[in-house]
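*Asks:* There's a structure below that I have some questions on.
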Amino acid sequence: MALPILEQLWFMIFNHKWIILTILAASLLIGLVLTLLATPLYTATARIEISRAQDNITNVEGVQANDIGKSMEFFQTQYALLEAKSMAQRVANALNLTSDDSFFEAYGVEPSEIGLGDAGDNGAKVSEGRGRREKMATRILRSSVAISPVRGSSLVDVNFTSPDPTLSAKVANSWVEQFIESNLDRRYASTEDARKFLESRLSELRQRLEESERNLVTYAAQQEIVQLDSKRSEDGRTVGGQTLVGSDLEAMNKALSDAISARVAAQSGAGQNGSASEQSMSNATIAGLRQQRAIIAAERANLLSQFEPEYPSVKALTSQVEELDSSIRAEERRVKQSVNSQYREALQRETTLRQKVQQLKSDLTSQNRASIQYNIYQREVDTNRQLYDGLLQRYKEIGVAGVGSNNIQTVDRATRPNRPSSPNLQVNLSLAFFLGVLASGAYVFAREQIDQSLRDPSDIKRILGITDLGAIPTFEKGDVPELLQDRKSISSEAYFSICTSLSFLTDHGVPRSMAFTSTRPNEGKSTSAFAVGVMLARMGKKTLLIDGDMRNPSVDAIMDVPNEEGLSNYLSGNFSEDELPRRNYQQNLDYLVAGPTPPNAAELLSSDRLSQLVTTMLQHYDHVLIDAPPVMGIADSPLIAKSVEGVIFSIEANGAKMRAIRSALERLSKSNAHVFGAILTKLDGRNSQYGYGYAYGYGYGNDQSKKSDEIDDL
């Protein structure tokens with residue numbers, strides 16, 4: 001199971017603590033030395049206020065509000081202008097720094113190296129020298145100034161740092177003054193540009209307006225469109241009124257309505273039959289005649305009651321009545337003729353007016369079609385007039401307002417600093433410590449990434465794919481027999497645990513014949529072979545330990561016995577199995593040393609004599625253990641592996657690289673050797689993060705703890 005990240009970091013720091021402390025100490029020492037050797041620098045600060053302002057050339061508003069998203073852009077622009085190269089040039093010229101040798105010397109620049117530009121030189125050299133001095137002065141000023149906006153306000157601090165406190169204050173104040181002047185210059189230039197722009201636009205719009213008005217009038221004349229009245233709407237558009245044709249049609253249509261009414265009335269009078277027509281009844285002359293006739297008729301009727309019709313008075317009245325009847329009939333005929341004449345006149349007038357209205361309707365329809373283009377010309381005139389009026393108004397405003405007020409004000413002028421701003425010992429040491437932490441972290445990270453050794457015992461199964469038989473703490477060879485004699489020692493407990501693991505490898509318990517090998521020398525294979533032999537003998541198993549590393553024997557050194565006759569003599573044919581020079585080390589544990597170093601160890605091991613030896617010895621012993629040479633570089637271990645039941649592979653913790661271990665296991669696999677598992681040896685404090693350490697979790701009292709501490713120191 002992987003450890004938490006914080007715990008891994010802690011153990012990485014702990015394992016490399018001395019290197020980390022060394023890097024930190026070196027960083028702090030370098031920071032201290034550089035601080036003491038650094039030239040004192042003085043920083044002067046001038047504060048200004050930049051108000052939010054923006055010049056508008058036109059009053060036409062966009063879709064969005066003018067201030068949306070512009071405040072940050074405006075202030076960032078002002079900060080960039082404060083740091084611009086042009087500002088540094090203005091300050092250098094204002095303070096005449098290009099001719100001040102002390103200014104360049106204060107920054108470690110030798111004036112002779114950039115050209116003096118003396119009056120005695122010719123003109124070309126003087127110009128070239130001044131140019132180099134101006135570039136150098138500008139570069140120095142820009143590198144020494146710092147613009148610091150005050151968070152949450154429109155205040156800005158202009159900081160200038162130099163070795164001379166008086167120069168710092170002078171340059172900071174000059175920087176602010178030149179910035180205000182440059183802002184006024186830009187505003188004046190902007191106003192002049194706006195006036196020129198508006199003048200050109202006004203001239204252009206004036207021509208366009210005149211041309212559009214001329215087109216409108218010409219088209220109206222061609223189409224005979226006469227507007228009787230027109231007015232302007234609130235948005236400046238011309239709203240057309242009634243035209244002359246429309247007015248005539250309205251008047252003519254009203255006259256036609258009156259004529260129709262008169263004709264209907266005349267037609268009604270002309271359509272009456274008989275003498276008692278409506279016109280006759282209302283005629284005053286006829287009414288008078290009828291009244292006279294009624295009077296005379298009444299008198300005649302009165303006389304007839306007394307006289308005969310032939311009576312002269314009666315006949316006279318009768319004659320008057322007849323005359324009156326004749327006059328009435330004549331008047332009625334005249335009235336009837338007058339009504340008919342009026343009807344004919346009304347009908348003629350109606351017909352004439354109807355034709356005139358029809359003609360005016362046709363004219364109005366044609367004029368309405370022509371008014372589409374007329375309205376287009378009218379809209380063009382209105383648009384040009386609005387643009388012209390707006391620009392003219394803006395032009396007048398610019399003429400009246402001029403440049404306007406400055407939006408940049410000085411809040412605090414810079415004063416001569418009394419103490420240097422740098423070097424700051426506390427800040428520099430903090431920075432040095434931080435850089436030291438970064439450097440040590442990079443070192444630890446690189447070491448951990450480069451180090452491909454096996455540190456986590458769980459990697460034996462997870463990466464190598466073999467069984468983890470156990471882990472052994474680190475100790476010196478000379479201490480091995482003594483530590484193993486103490487059954488409460490950490491080493492004794494560790495190897496006893498390994499023997500327990502070995503008992504689960506086969507169906508008959510601990511393998512009867514085993515070879516101990518490793519990737520490279522000094523990984524603890526010989527110690528492990530000896531210790532396992534001691535543990536098996538202690539458990540009552542008769543065990544034979546054979547030193548199979550004839551090139552570099554180790555068993556004799558561990559047991560502190562002479563390396564005289566041994567395995568090499570047997571393999572050379574000098575002894576038989578019965579004559580084998582075996583010796584007893586302790587109860588149930590015999591050993592066979594490697595013997596003299598042969599010139600051809602691999603050839604000796606390639607014979608069948610080793611297999612015969614192991615087979616014969618297993619008839620006399622419960623277990624046969626062979627300390628084999630390392631796998632890499634020589635062929636001895638694969639040859640020995642053929643003669644035993646399996647191989648125990650020793651791996652030094654934090655030692656051999658994983659790539660080499662894989663290669664060694666692959667060589668054993670190709671020789672058909674059976675690898676029982678691996679023993680992780682020489683564990684120390686670096687492996688305690690994985691739960692394996694030389695403390696090993698047992699602890700049997702003060703003596704054992706003291707011995708563990710001594711081992712830890714090795």
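Please note that chains go A, B, ... in the order of the structure tokens, that every chain numbers its residues from 1, and that ligands are numbered from 1 in the order shown.
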Would you pick out the contacts of segment 634-641 of chain A at 6 Å or less, using only C-alpha atoms, so that residues sharing its chain but fewer than 2 positions from it are not included, and give the list as a list in words?

*Replies:*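 Result of the neighbour search: Ala602, Ala628, Pro629, Val631, Met632, Ser643, Val644, Leu668, Ser671 and Ala673 of chain A.
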
*Asks:* Next, write the just-selected residues to a file, as a short mmCIF file (atom, residue, chain, number, x, y, z; two decimals), in the first residue's frame, keeping N, CA, C and O atoms as the atom set.

*Replies:*
data_model
loop_
_atom_site.label_atom_id
_atom_site.label_comp_id
_atom_site.auth_asym_id
_atom_site.auth_seq_id
_atom_site.Cartn_x
_atom_site.Cartn_y
_atom_site.Cartn_z
N ALA A 602 33.88 -21.95 -13.71
CA ALA A 602 32.68 -22.27 -14.48
C ALA A 602 32.76 -23.66 -15.08
O ALA A 602 31.76 -24.41 -15.13
N ALA A 628 26.25 -19.29 -3.40
CA ALA A 628 26.64 -19.17 -4.80
C ALA A 628 27.17 -17.78 -5.09
O ALA A 628 26.87 -16.82 -4.38
N PRO A 629 27.95 -17.62 -6.17
CA PRO A 629 28.45 -16.30 -6.55
C PRO A 629 27.31 -15.42 -7.04
O PRO A 629 26.21 -15.89 -7.32
N VAL A 631 25.05 -13.26 -9.68
CA VAL A 631 24.59 -13.69 -11.00
C VAL A 631 25.25 -12.90 -12.12
O VAL A 631 25.68 -13.46 -13.13
N MET A 632 25.32 -11.57 -11.99
CA MET A 632 25.77 -10.72 -13.08
C MET A 632 27.27 -10.87 -13.30
O MET A 632 28.07 -10.84 -12.36
N SER A 643 21.68 -27.70 -9.75
CA SER A 643 21.97 -28.81 -8.84
C SER A 643 21.14 -28.76 -7.58
O SER A 643 21.25 -29.67 -6.73
N VAL A 644 20.37 -27.71 -7.37
CA VAL A 644 19.61 -27.56 -6.13
C VAL A 644 18.12 -27.48 -6.44
O VAL A 644 17.71 -27.34 -7.60
N LEU A 668 18.63 -16.23 -14.43
CA LEU A 668 18.28 -17.45 -13.69
C LEU A 668 17.09 -18.15 -14.32
O LEU A 668 17.05 -19.38 -14.40
N SER A 671 18.03 -20.22 -17.32
CA SER A 671 18.73 -21.47 -16.98
C SER A 671 17.79 -22.46 -16.30
O SER A 671 18.25 -23.45 -15.73
N ALA A 673 16.23 -22.16 -13.59
CA ALA A 673 16.37 -22.18 -12.13
C ALA A 673 15.05 -21.75 -11.50
O ALA A 673 14.37 -20.84 -12.00
#

*Asks:* Skipping near chain neighbours, those fewer than 5 positions away, what residues fall within 7 Å of segment 541-554 of chain A using only C-alpha atoms, listed as a ChimeraX atom specification?

*Replies:* /A:526,533,536,568,588-595,597,601,621-629

*Asks:* In Å, with one decimal, what is the gap from atom CA of Gln619 of chain A to atom CA of Arg512 of chain A?

*Replies:*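 About the pair atom CA of Gln619 of chain A and atom CA of Arg512 of chain A: they are 10.7 Å apart.
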
*Asks:* For a quick check of understanding, using only C-alpha atoms, which of A:Tyr219, A:Tyr443, A:Phe530, A:Phe516 has the smallest distance to Gln373 of chain A?

*Replies:*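 Looking at the shortest contact to Gln373 of chain A, the residue is A:Tyr219.
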
*Asks:* Could you name the residues that touch Arg263 of chain A at 7 Å or less, counting only C-alpha atoms, but leaving out those on the same chain fewer than 4 positions away, as a list in words?

*Replies:*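 Answer for this query is Ala259, Gln267, Tyr343, Ala346 and Leu347 of chain A.
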
*Asks:* Do a neighbour search on segment 32-45 of chain A at 9 Å with only C-alpha atoms, toss out local chain neighbours closer than 3 positions, and write the hits as a ChimeraX atom specification.

*Replies:* /A:27-29,157-173,412-425,428-429,432

*Asks:* Could you please determine the separation between atom CA of Asn340 of chain A and atom CA of Thr352 of chain A in Å, to one decimal place?

*Replies:* 18.5 Å

*Asks:* What does the distance between atom CA of Leu505 of chain A and atom CA of Gly646 of chain A come to in Å, to one decimal place?

*Replies:*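 Answer for the atom CA of Leu505 of chain A to atom CA of Gly646 of chain A separation: 10.0 Å.
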
*Asks:* Write down as a ChimeraX atom specification the residues belonging to segment 119-331 of chain A that are assigned strand (DSSP E or B) by DSSP computed on the backbone.

*Replies:* /A:145-149,155-162,227,230-232,238-240,243

*Asks:* Go ahead and write the residues just picked, N, CA, C and O atoms, as a PDB file, in the first residue's frame.

*Replies:*
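Wrote part_31.pdb, looks like this:
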ATOM      1  N   VAL A 145      12.937  52.470 -12.242  1.00  0.00           N
ATOM      2  CA  VAL A 145      11.640  52.988 -11.835  1.00  0.00           C
ATOM      3  C   VAL A 145      10.672  51.827 -11.629  1.00  0.00           C
ATOM      4  O   VAL A 145      10.769  50.788 -12.295  1.00  0.00           O
ATOM      5  N   ALA A 146       9.750  51.998 -10.718  1.00  0.00           N
ATOM      6  CA  ALA A 146       8.722  50.988 -10.441  1.00  0.00           C
ATOM      7  C   ALA A 146       7.395  51.708 -10.224  1.00  0.00           C
ATOM      8  O   ALA A 146       7.316  52.645  -9.415  1.00  0.00           O
ATOM      9  N   ILE A 147       6.374  51.283 -10.956  1.00  0.00           N
ATOM     10  CA  ILE A 147       5.034  51.872 -10.853  1.00  0.00           C
ATOM     11  C   ILE A 147       4.184  50.947  -9.992  1.00  0.00           C
ATOM     12  O   ILE A 147       4.012  49.769 -10.317  1.00  0.00           O
ATOM     13  N   SER A 148       3.651  51.474  -8.883  1.00  0.00           N
ATOM     14  CA  SER A 148       2.898  50.656  -7.928  1.00  0.00           C
ATOM     15  C   SER A 148       1.515  51.264  -7.712  1.00  0.00           C
ATOM     16  O   SER A 148       1.368  52.230  -6.948  1.00  0.00           O
ATOM     17  N   PRO A 149       0.480  50.747  -8.369  1.00  0.00           N
ATOM     18  CA  PRO A 149      -0.889  51.243  -8.111  1.00  0.00           C
ATOM     19  C   PRO A 149      -1.325  50.893  -6.690  1.00  0.00           C
ATOM     20  O   PRO A 149      -1.037  49.805  -6.184  1.00  0.00           O
ATOM     21  N   LEU A 155      -4.981  56.000  -6.965  1.00  0.00           N
ATOM     22  CA  LEU A 155      -3.661  56.518  -6.617  1.00  0.00           C
ATOM     23  C   LEU A 155      -2.573  55.605  -7.167  1.00  0.00           C
ATOM     24  O   LEU A 155      -2.734  54.382  -7.214  1.00  0.00           O
ATOM     25  N   VAL A 156      -1.480  56.215  -7.585  1.00  0.00           N
ATOM     26  CA  VAL A 156      -0.353  55.467  -8.148  1.00  0.00           C
ATOM     27  C   VAL A 156       0.930  56.011  -7.536  1.00  0.00           C
ATOM     28  O   VAL A 156       1.130  57.235  -7.463  1.00  0.00           O
ATOM     29  N   ASP A 157       1.790  55.085  -7.084  1.00  0.00           N
ATOM     30  CA  ASP A 157       3.095  55.456  -6.543  1.00  0.00           C
ATOM     31  C   ASP A 157       4.157  55.270  -7.605  1.00  0.00           C
ATOM     32  O   ASP A 157       4.241  54.212  -8.242  1.00  0.00           O
ATOM     33  N   VAL A 158       4.983  56.312  -7.790  1.00  0.00           N
ATOM     34  CA  VAL A 158       6.129  56.240  -8.704  1.00  0.00           C
ATOM     35  C   VAL A 158       7.375  56.126  -7.843  1.00  0.00           C
ATOM     36  O   VAL A 158       7.750  57.074  -7.136  1.00  0.00           O
ATOM     37  N   ASN A 159       8.016  54.955  -7.884  1.00  0.00           N
ATOM     38  CA  ASN A 159       9.191  54.679  -7.056  1.00  0.00           C
ATOM     39  C   ASN A 159      10.436  54.678  -7.940  1.00  0.00           C
ATOM     40  O   ASN A 159      10.461  54.013  -8.983  1.00  0.00           O
ATOM     41  N   PHE A 160      11.447  55.404  -7.474  1.00  0.00           N
ATOM     42  CA  PHE A 160      12.720  55.397  -8.190  1.00  0.00           C
ATOM     43  C   PHE A 160      13.828  55.042  -7.211  1.00  0.00           C
ATOM     44  O   PHE A 160      13.905  55.607  -6.113  1.00  0.00           O
ATOM     45  N   THR A 161      14.673  54.102  -7.639  1.00  0.00           N
ATOM     46  CA  THR A 161      15.736  53.582  -6.780  1.00  0.00           C
ATOM     47  C   THR A 161      17.084  53.867  -7.410  1.00  0.00           C
ATOM     48  O   THR A 161      17.303  53.575  -8.605  1.00  0.00           O
ATOM     49  N   SER A 162      18.007  54.411  -6.606  1.00  0.00           N
ATOM     50  CA  SER A 162      19.365  54.704  -7.083  1.00  0.00           C
ATOM     51  C   SER A 162      20.313  54.696  -5.887  1.00  0.00           C
ATOM     52  O   SER A 162      19.873  54.731  -4.725  1.00  0.00           O
ATOM     53  N   GLN A 227     -45.686  70.043 -51.539  1.00  0.00           N
ATOM     54  CA  GLN A 227     -46.078  69.831 -50.156  1.00  0.00           C
ATOM     55  C   GLN A 227     -46.662  71.127 -49.610  1.00  0.00           C
ATOM     56  O   GLN A 227     -45.991  72.171 -49.601  1.00  0.00           O
ATOM     57  N   SER A 230     -45.348  70.792 -43.862  1.00  0.00           N
ATOM     58  CA  SER A 230     -44.486  69.714 -43.338  1.00  0.00           C
ATOM     59  C   SER A 230     -43.935  70.162 -41.994  1.00  0.00           C
ATOM     60  O   SER A 230     -43.841  71.360 -41.720  1.00  0.00           O
ATOM     61  N   LYS A 231     -43.529  69.170 -41.163  1.00  0.00           N
ATOM     62  CA  LYS A 231     -43.016  69.490 -39.834  1.00  0.00           C
ATOM     63  C   LYS A 231     -41.960  68.458 -39.439  1.00  0.00           C
ATOM     64  O   LYS A 231     -41.861  67.384 -40.025  1.00  0.00           O
ATOM     65  N   ARG A 232     -41.161  68.803 -38.414  1.00  0.00           N
ATOM     66  CA  ARG A 232     -40.084  67.947 -37.915  1.00  0.00           C
ATOM     67  C   ARG A 232     -40.559  67.167 -36.699  1.00  0.00           C
ATOM     68  O   ARG A 232     -41.181  67.715 -35.798  1.00  0.00           O
ATOM     69  N   THR A 238     -38.346  64.560 -41.088  1.00  0.00           N
ATOM     70  CA  THR A 238     -39.352  65.426 -41.706  1.00  0.00           C
ATOM     71  C   THR A 238     -40.609  64.612 -41.955  1.00  0.00           C
ATOM     72  O   THR A 238     -40.569  63.589 -42.658  1.00  0.00           O
ATOM     73  N   VAL A 239     -41.713  65.066 -41.367  1.00  0.00           N
ATOM     74  CA  VAL A 239     -42.996  64.391 -41.540  1.00  0.00           C
ATOM     75  C   VAL A 239     -43.796  65.185 -42.570  1.00  0.00           C
ATOM     76  O   VAL A 239     -44.159  66.343 -42.329  1.00  0.00           O
ATOM     77  N   GLY A 240     -44.052  64.605 -43.746  1.00  0.00           N
ATOM     78  CA  GLY A 240     -44.729  65.306 -44.831  1.00  0.00           C
ATOM     79  C   GLY A 240     -46.208  65.510 -44.553  1.00  0.00           C
ATOM     80  O   GLY A 240     -46.879  64.641 -43.984  1.00  0.00           O
ATOM     81  N   THR A 243     -50.314  67.135 -49.896  1.00  0.00           N
ATOM     82  CA  THR A 243     -49.836  67.726 -51.142  1.00  0.00           C
ATOM     83  C   THR A 243     -50.956  68.515 -51.799  1.00  0.00           C
ATOM     84  O   THR A 243     -52.138  68.449 -51.409  1.00  0.00           O
TER      85      THR A 243
END

*Asks:* Select from segment 209-394 of chain A everything DSSP, run on the backbone, classes as helix (DSSP H, G or I), then give the selection as a PyMOL selection string.

*Replies:* chain A and resi 209-222+244-270+278-282+284-304+312-394

*Asks:* Tell me which protein, DNA and RNA residues are within 7 Å of Gln89 of chain A, counting only C-alpha atoms, leaving out same-chain ones fewer than 4 positions away, and put them as a PyMOL selection string.

*Replies:* chain A and resi 85+93+138

*Asks:* Counting only C-alpha atoms, which of A:Leu24, A:Ile651, A:Ile13, A:Ala656 gets nearest to Ile460 of chain A?

*Replies:*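 Among A:Leu24, A:Ile651, A:Ile13, A:Ala656, it is A:Ile651 that comes nearest to Ile460 of chain A.
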
*Asks:* Excluding Ile140 of chain A and its own-chain neighbours fewer than 6 positions away, which residues fall within 10 Å of it when counting only C-alpha atoms? Please give them as an MDAnalysis selection string.

*Replies:* chainID A and resid 88 92 103:104 107 109 134 162
